[in-house]
Amino acid sequence: MKILGIESTCDETGVGVVEDGKAVLLNLVSSSVNLYKQYGGVVPEIAAREQLQAIIPLLDAAEDIVDFNLLDGFAVSYGPGLVGSLLIGVETAKILSIVYNKSLYAVNHLLGHVFANWLKPQRTPDFPLISLVVSGGHTDLLFMKSATDYKWLGGTRDDAAGEAFDKVGKLLGLGYPGGPEVERISKEYDASLRFKLPRPMIQEPNFDFSFSGLKTAVVNVVGEVRNNRSRICAIAHEFQHAVVDVLVSKTLTAAKTFGVRSIVVSGGVSANSMLRGKMIDEGEKNNFIVHFPDKKLSTDNGAMIACAAFYNRMKVDPLKLYANPSLHF
Ligand code: KG4
Ligand code: ZN
C-alpha cells in the first residue's frame with residue numbers, strides 16, 4: 001500500500017511516499033528555517049507564504065518519481081501547528097484525494113513523529129510502549145497499547161524542550177534554531193568549569209515537565225559571563241545535560257510504571273546526541289529496548305506522515321477535514 005504524506009504544520013513543507021508503512025520511496029523537504037535567523041523564531045505569516053511557494057514544486061518533483069495514479073491514498077498532518085501553514089497542506093491534500101479519487105488519511109502531526117520510528121524496517125518497535133515526543137512545540141509522554149489505542153500521560157506545563165533549546169540558544173548569542181547550536185558548542189565544554197543548573201520536576205510523581213525555570217536559571221548565570229566563550233560552552237553543556245536528565249528520568253519512570261519493554265523517542269529534539277546516548281544507555285541498563293528515528297527523519301517531513309497514516313488509518317471525508325491548530329493527543 002503506497003501513501004503520499006504531506007507535512008506543512010510549521011516551517012517545513014514535506015512530501016513523502018511510503019510503501020506498507022516501512023519503505024520510503026521518496027521524501028522531499030523544503031525548509032524556510034533560514035528566513036527566521038534574523039528574528040530568532042518562526043514568523044507565522046512568512047512560514048505560511050513559504051508553504052504556499054513550496055508545495056506545488058515539491059509535488060511536481062514527487063510526480064516525476066512516483067505516478068500518483070498508482071498511489072493508494074494521500075495523508076496530511078492536520079494539526080497541531082500554525083494555522084496559515086496547516087491550511088496549505090490540508091487543502092492541497094483534500095484536492096489531491098478528490099482529483100485522483102483516492103482515500104484521504106488525517107494524521108496528528110505528533111503521531112507522525114512517533115511513527116518516524118517505523119521507517120527503520122530492520123528494527124521496528126513493538127507495542128505496548130512508552131513514547132516521548134520532544135519537538136519545538138511539544139514535550140509529551142504517551143502510553144501506547146497499539147497504533148490506535150494510546151493514552152496521554154503528561155506534557156510540558158510551559159516551554160517545550162525544543163523551545164527551551166531555542167530560547168537558551170538565543171540567550172547564549174547562538175543562531176536559530178538553538179537546539180543544534182547548543183549541541184554543537186556543548187562539545188567544546190571544559191569540564192573544569194562547573195555550572196549546576198536545576199533539573200525541574202525530576203522528583204515529582206507525575207509525567208509533567210517544566211522548562212521555563214531552567215531558562216531563567218540560564219539567564220541568571222549568563223549575565224555574569226556573557227563575553228566568555230568557554231563559560232558559554234559550559235552553560236550550554238550543563239543546560240543540555242539538565243534537559244536530557246529530566247527527559248530520560250521521566251521516560252524511564254513511565255516505562256517502569258506501565259510495565260512496557262519498548263521506549264520510542266521522536267521529534268526534532270530526538271536528533272540530540274546526548275539525549276540519544278543517555279536514553280539508550282540508561283534504557284538498556286534497565287532492560288528496555290530504546291528506539292530513535294534516523295536523524296534526518298527526526299525533524300518534520302512527509303514520510304513520517306505517510307507512515308503514521310498506514311498504521312493509524314484515520315480515513316476521512318475530504319469535504320469534512322479542517323486544519324486544527326490546537327489538536328492534542
Ligand atoms: O519536530 P521539529 O522539527 O518541529 C516541530 O514540530 O516543532 O522540532 C524542531 C525543534 C527545534 O526547537 C530545534 O531547536 C530542536 O527541534 N532541535 C534540537 C536538535 N535539532 C533540532 N534540539 C536539541 N538538539 C538538537 N540536535
Ligand atoms: Zn514536528
# chains A, B, ... in the order shown; residues from 1 in each chain; ligands from 1

$ residues_near_ligand --ligand "ligand 2" --cutoff "6 Å" --atoms "only C-alpha atoms and all ligand atoms" --output "PyMOL selection string"
chain A and resi 135+267+299-300

$ select_by_dssp --residues "stretch 4-113 of chain A" --states "helix (DSSP H, G or I)" --output "PyMOL selection string"
chain A and resi 33-36+44-65+68-70+83-99+109-113

$ residues_near_ligand --ligand "ligand 1" --cutoff "6 Å" --atoms "only C-alpha atoms and all ligand atoms" --output "MDAnalysis selection string"
chainID A and resid 135:137 162:163 165:166 177:180 183 267:269 271:272 299:300

$ closest_residue --among "A:Ser32, A:Thr148, A:Thr251, A:Asn301" --to "A:Lys278" --atoms "only C-alpha atoms"
A:Thr251

$ residues_around --residues "A:Val24" --least-positions-apart "4" --cutoff "10 Å" --atoms "only C-alpha atoms" --output "VMD selection string"
chain A and resid 2 16 to 20 119 to 121 303 to 304 306 to 307

$ residues_around --residues "stretch 56-61 of chain A" --least-positions-apart "6" --cutoff "8 Å" --atoms "only C-alpha atoms" --output "VMD selection string"
chain A and resid 14 to 15 28 to 30

$ closest_atom_pairs --of "stretch 208-311 of chain A" --to "stretch 197-204 of chain A" --cutoff "9 Å" --atoms "only C-alpha atoms" --output "CSV"
residue,atom,partner,partner_atom,distance
A:Asp208,CA,A:Met201,CA,7.6
A:Phe209,CA,A:Met201,CA,6.3
A:Ser210,CA,A:Pro200,CA,6.2
A:Phe211,CA,A:Pro200,CA,6.8
A:Gly213,CA,A:Pro200,CA,7.3
A:Leu214,CA,A:Pro198,CA,6.4
A:Ala217,CA,A:Leu197,CA,6.7
A:Val218,CA,A:Leu197,CA,7.6
A:Ile235,CA,A:Leu197,CA,8.6
A:Glu238,CA,A:Leu197,CA,6.7
A:Phe239,CA,A:Leu197,CA,6.7
A:His241,CA,A:Leu197,CA,9.0
A:Ala242,CA,A:Arg199,CA,5.3
A:Val243,CA,A:Arg199,CA,7.1
A:Asp245,CA,A:Arg199,CA,7.1
A:Val246,CA,A:Ile202,CA,5.5
A:Leu247,CA,A:Ile202,CA,8.6
A:Ser249,CA,A:Ile202,CA,6.9
A:Lys250,CA,A:Ile202,CA,6.9

$ write_last_selection --atoms "N, CA and C atoms" --output "compact mmCIF listing (two decimals), in the first residue's frame"
# COMPACT_ATOMS: atom_id res chain seq x y z
N ASP A 208 4.64 15.19 34.05
CA ASP A 208 4.68 16.55 33.50
C ASP A 208 6.11 17.10 33.52
N PHE A 209 6.30 18.11 32.70
CA PHE A 209 7.61 18.75 32.57
C PHE A 209 7.45 20.26 32.72
N SER A 210 8.55 20.95 33.02
CA SER A 210 8.55 22.42 33.03
C SER A 210 9.98 22.86 32.71
N PHE A 211 10.11 23.65 31.65
CA PHE A 211 11.47 24.07 31.27
C PHE A 211 11.68 25.57 31.36
N GLY A 213 11.67 27.56 34.02
CA GLY A 213 12.53 27.92 35.16
C GLY A 213 14.00 27.67 34.83
N LEU A 214 14.24 26.64 34.07
CA LEU A 214 15.61 26.31 33.67
C LEU A 214 16.18 27.42 32.79
N ALA A 217 17.10 30.21 34.99
CA ALA A 217 18.37 29.91 35.66
C ALA A 217 19.54 30.22 34.73
N VAL A 218 19.35 29.94 33.43
CA VAL A 218 20.41 30.27 32.45
C VAL A 218 20.57 31.80 32.37
N ILE A 235 27.93 26.51 29.98
CA ILE A 235 26.50 26.69 30.30
C ILE A 235 25.66 25.87 29.31
N GLU A 238 25.77 22.25 30.35
CA GLU A 238 25.01 21.95 31.57
C GLU A 238 23.50 22.06 31.32
N PHE A 239 23.10 23.03 30.49
CA PHE A 239 21.67 23.17 30.15
C PHE A 239 21.20 21.90 29.42
N HIS A 241 22.51 19.01 29.49
CA HIS A 241 22.55 17.89 30.43
C HIS A 241 21.30 17.88 31.32
N ALA A 242 20.89 19.07 31.78
CA ALA A 242 19.72 19.17 32.66
C ALA A 242 18.46 18.71 31.92
N VAL A 243 18.27 19.19 30.68
CA VAL A 243 17.08 18.79 29.90
C VAL A 243 17.09 17.27 29.69
N ASP A 245 18.63 14.92 31.41
CA ASP A 245 18.39 14.18 32.67
C ASP A 245 16.90 14.08 32.97
N VAL A 246 16.18 15.20 32.80
CA VAL A 246 14.75 15.19 33.12
C VAL A 246 14.00 14.29 32.13
N LEU A 247 14.31 14.43 30.83
CA LEU A 247 13.60 13.64 29.81
C LEU A 247 13.83 12.15 30.03
N SER A 249 14.84 10.57 32.84
CA SER A 249 14.29 10.09 34.11
C SER A 249 12.77 9.88 34.02
N LYS A 250 12.06 10.86 33.47
CA LYS A 250 10.59 10.73 33.41
C LYS A 250 10.17 9.60 32.46
